[in-house]
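J.: For reference, the structure I am asking about is given below.
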Amino acid sequence: MNSEKLIIFLKAPRPGLVKTRLAASLGINAAASAYRTMVETLLTGLRGVAPVELRFAPDDAREEIQPWLREGWTARPQKDGDLGQRLLAAFSEAFAEGSRQVIIIGSDCPSVAPEDIRAAWGALADHDLVLGPAADGGYWLLGMQRLHECLFQRIPWSTGSVLEETVRRATEANLRLHFLRTLRDVDTEEDWRAFLSKPA
């Protein structure tokens with residue numbers, strides 16, 4: 001077992017299931033297509049990173065996720081529960097299987113690069129927790145070298161205070177924190193157009 005593991009949370013690109021804020025202006029089919037493009041951009045950029053596990057939702061989406069797997073990558077469902085419960089399960093299973101540095105990212109930020117993942121792994125050598133701040137008040141990356149359950153319980157998920165509350169919990173637990181660069185999720189039509197305007 002490799003001591004490092006990257007887990008990517010993603011969803012099946014089904015109309016009505018993904019990018020609901022984007023769908024409000026583009027429509028559900030265009031939003032699903034946009035999400036597929038975002039995920040493929042992200043995974044193509046990270047194709048040299050291993051080992052990678054895709055954690056997908058819903059649980060019956062394995063066939064839809066299969067084309068996104070690269071050589072050496074694995075996939076399993078996220079299971080039930082809120083985001084905190086699903087993150088906790090993913091970290092717990094990765095550590096139980098022998099990983100020592102575990103990083104989880106989502107699929108809403110296609111600009112995450114291999115350099116970001118390597119920087120996170122490097123920081124975990126002498127930090128307890130690595131966070132990639134998102135411009136909306138959340139985070140696009142969470143990395144740990146052992147499980148800290150306090151970071152997943154009673155967090156106000158899907159709000160602008162997720163990062164702030166996570167940092168507060170980490171500080172109370174005397175965890176050594178390291179921050180990566182701030183990135184912006186693609187959630188709105190403005191975000192989507194900004195993403196499309198960037199060079200490939």
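All residue names refer to the structure tokens as shown: chains lettered A, B, ... in order, residues numbered from 1 in each chain, ligands numbered from 1 in order.
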Using only C-alpha atoms, what does the table of segment 15-121 of chain A residues within 9 Å of segment 188-194 of chain A look like, with each row giving the shortest atom pair and its distance in Å to one decimal, sorted by chain and ascending number, as a tab-separated table?

T.:
residue	atom	partner	partner_atom	distance
A:Lys19	CA	A:Thr188	CA	8.4
A:Arg21	CA	A:Thr188	CA	6.0
A:Leu22	CA	A:Thr188	CA	4.8
A:Ala23	CA	A:Thr188	CA	8.5
A:Ala24	CA	A:Thr188	CA	8.8
A:Ser25	CA	A:Glu189	CA	6.7
A:Leu26	CA	A:Glu189	CA	7.3
A:Ala34	CA	A:Trp192	CA	7.9

J.: Could I get the residues of segment 76-172 of chain A with an atom no further than 12 Å from an atom of segment 59-70 of chain A, each paired with its nearest atom pair and that distance in Å to one decimal, using only C-alpha atoms, sorted by chain and residue number, as a Markdown table?

T.:
| residue | atom | partner | partner_atom | distance |
| --- | --- | --- | --- | --- |
| A:Arg76 | CA | A:Arg62 | CA | 7.7 |
| A:Pro77 | CA | A:Asp59 | CA | 5.1 |
| A:Gln78 | CA | A:Asp59 | CA | 7.0 |
| A:Lys79 | CA | A:Asp59 | CA | 6.6 |
| A:Asp80 | CA | A:Asp59 | CA | 8.7 |

J.: Considering only helix (DSSP H, G or I) as DSSP defines it on the backbone, what residues of segment 47-166 of chain A qualify? List them as a PyMOL selection string.

T.: chain A and resi 62-68+83-96+114-123+149-151+162-166

J.: Store the residues of this selection in a file with C-alpha atoms, as a PDB file, in the first residue's frame.

T.:
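File part11.pdb, as written:
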ATOM      1  CA  ARG A  62     -20.387   2.947 -11.102  1.00  0.00           C
ATOM      2  CA  GLU A  63     -20.932   2.429 -14.848  1.00  0.00           C
ATOM      3  CA  GLU A  64     -21.121   6.188 -15.441  1.00  0.00           C
ATOM      4  CA  ILE A  65     -17.917   6.739 -13.478  1.00  0.00           C
ATOM      5  CA  GLN A  66     -15.998   3.871 -15.110  1.00  0.00           C
ATOM      6  CA  PRO A  67     -14.809   5.887 -18.168  1.00  0.00           C
ATOM      7  CA  TRP A  68     -13.126   8.362 -15.835  1.00  0.00           C
ATOM      8  CA  LEU A  83     -20.856  15.633   3.556  1.00  0.00           C
ATOM      9  CA  GLY A  84     -19.174  15.362   6.940  1.00  0.00           C
ATOM     10  CA  GLN A  85     -20.210  11.739   7.373  1.00  0.00           C
ATOM     11  CA  ARG A  86     -19.064  10.872   3.856  1.00  0.00           C
ATOM     12  CA  LEU A  87     -15.713  12.604   4.305  1.00  0.00           C
ATOM     13  CA  LEU A  88     -15.216  10.900   7.649  1.00  0.00           C
ATOM     14  CA  ALA A  89     -15.963   7.497   6.101  1.00  0.00           C
ATOM     15  CA  ALA A  90     -13.522   8.088   3.243  1.00  0.00           C
ATOM     16  CA  PHE A  91     -10.680   9.168   5.533  1.00  0.00           C
ATOM     17  CA  SER A  92     -11.394   6.370   8.007  1.00  0.00           C
ATOM     18  CA  GLU A  93     -11.308   3.665   5.340  1.00  0.00           C
ATOM     19  CA  ALA A  94      -8.157   5.034   3.716  1.00  0.00           C
ATOM     20  CA  PHE A  95      -6.272   5.089   7.014  1.00  0.00           C
ATOM     21  CA  ALA A  96      -7.597   1.647   7.949  1.00  0.00           C
ATOM     22  CA  PRO A 114      -0.596  18.029  -9.602  1.00  0.00           C
ATOM     23  CA  GLU A 115       1.610  20.686  -7.997  1.00  0.00           C
ATOM     24  CA  ASP A 116      -1.167  21.403  -5.492  1.00  0.00           C
ATOM     25  CA  ILE A 117      -1.406  17.733  -4.542  1.00  0.00           C
ATOM     26  CA  ARG A 118       2.357  17.406  -4.205  1.00  0.00           C
ATOM     27  CA  ALA A 119       2.467  20.562  -2.071  1.00  0.00           C
ATOM     28  CA  ALA A 120      -0.208  19.122   0.204  1.00  0.00           C
ATOM     29  CA  TRP A 121       1.612  15.828   0.618  1.00  0.00           C
ATOM     30  CA  GLY A 122       4.830  17.689   1.329  1.00  0.00           C
ATOM     31  CA  ALA A 123       3.161  19.851   3.963  1.00  0.00           C
ATOM     32  CA  GLU A 149     -13.236  13.456  13.781  1.00  0.00           C
ATOM     33  CA  CYS A 150     -13.905  16.915  15.232  1.00  0.00           C
ATOM     34  CA  LEU A 151     -13.480  18.400  11.740  1.00  0.00           C
ATOM     35  CA  VAL A 162     -17.182  26.001   6.460  1.00  0.00           C
ATOM     36  CA  LEU A 163     -13.505  26.964   6.319  1.00  0.00           C
ATOM     37  CA  GLU A 164     -13.753  29.319   9.282  1.00  0.00           C
ATOM     38  CA  GLU A 165     -15.415  26.684  11.460  1.00  0.00           C
ATOM     39  CA  THR A 166     -12.960  24.001  10.347  1.00  0.00           C
TER      40      THR A 166
END

J.: Just asking: which residues within segment 8-56 of chain A are strand (DSSP E) according to DSSP, as a list in words?

T.: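 Across segment 8-56 of chain A, those assigned strand (DSSP E) are Ile8, Phe9, Leu10, Lys11, Val52, Glu53, Leu54, Arg55 and Phe56 of chain A.
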
J.: By how many Å are atom CA of Gly16 of chain A and atom CA of Ser158 of chain A apart?

T.: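 Atom CA of Ser158 of chain A lies at a distance of 17.8 Å from atom CA of Gly16 of chain A.
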
J.: Distance atom CA of Gly138 of chain A-atom CA of Ile105 of chain A, one decimal place?

T.: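 Atom CA of Ile105 of chain A lies 11.7 Å from atom CA of Gly138 of chain A.
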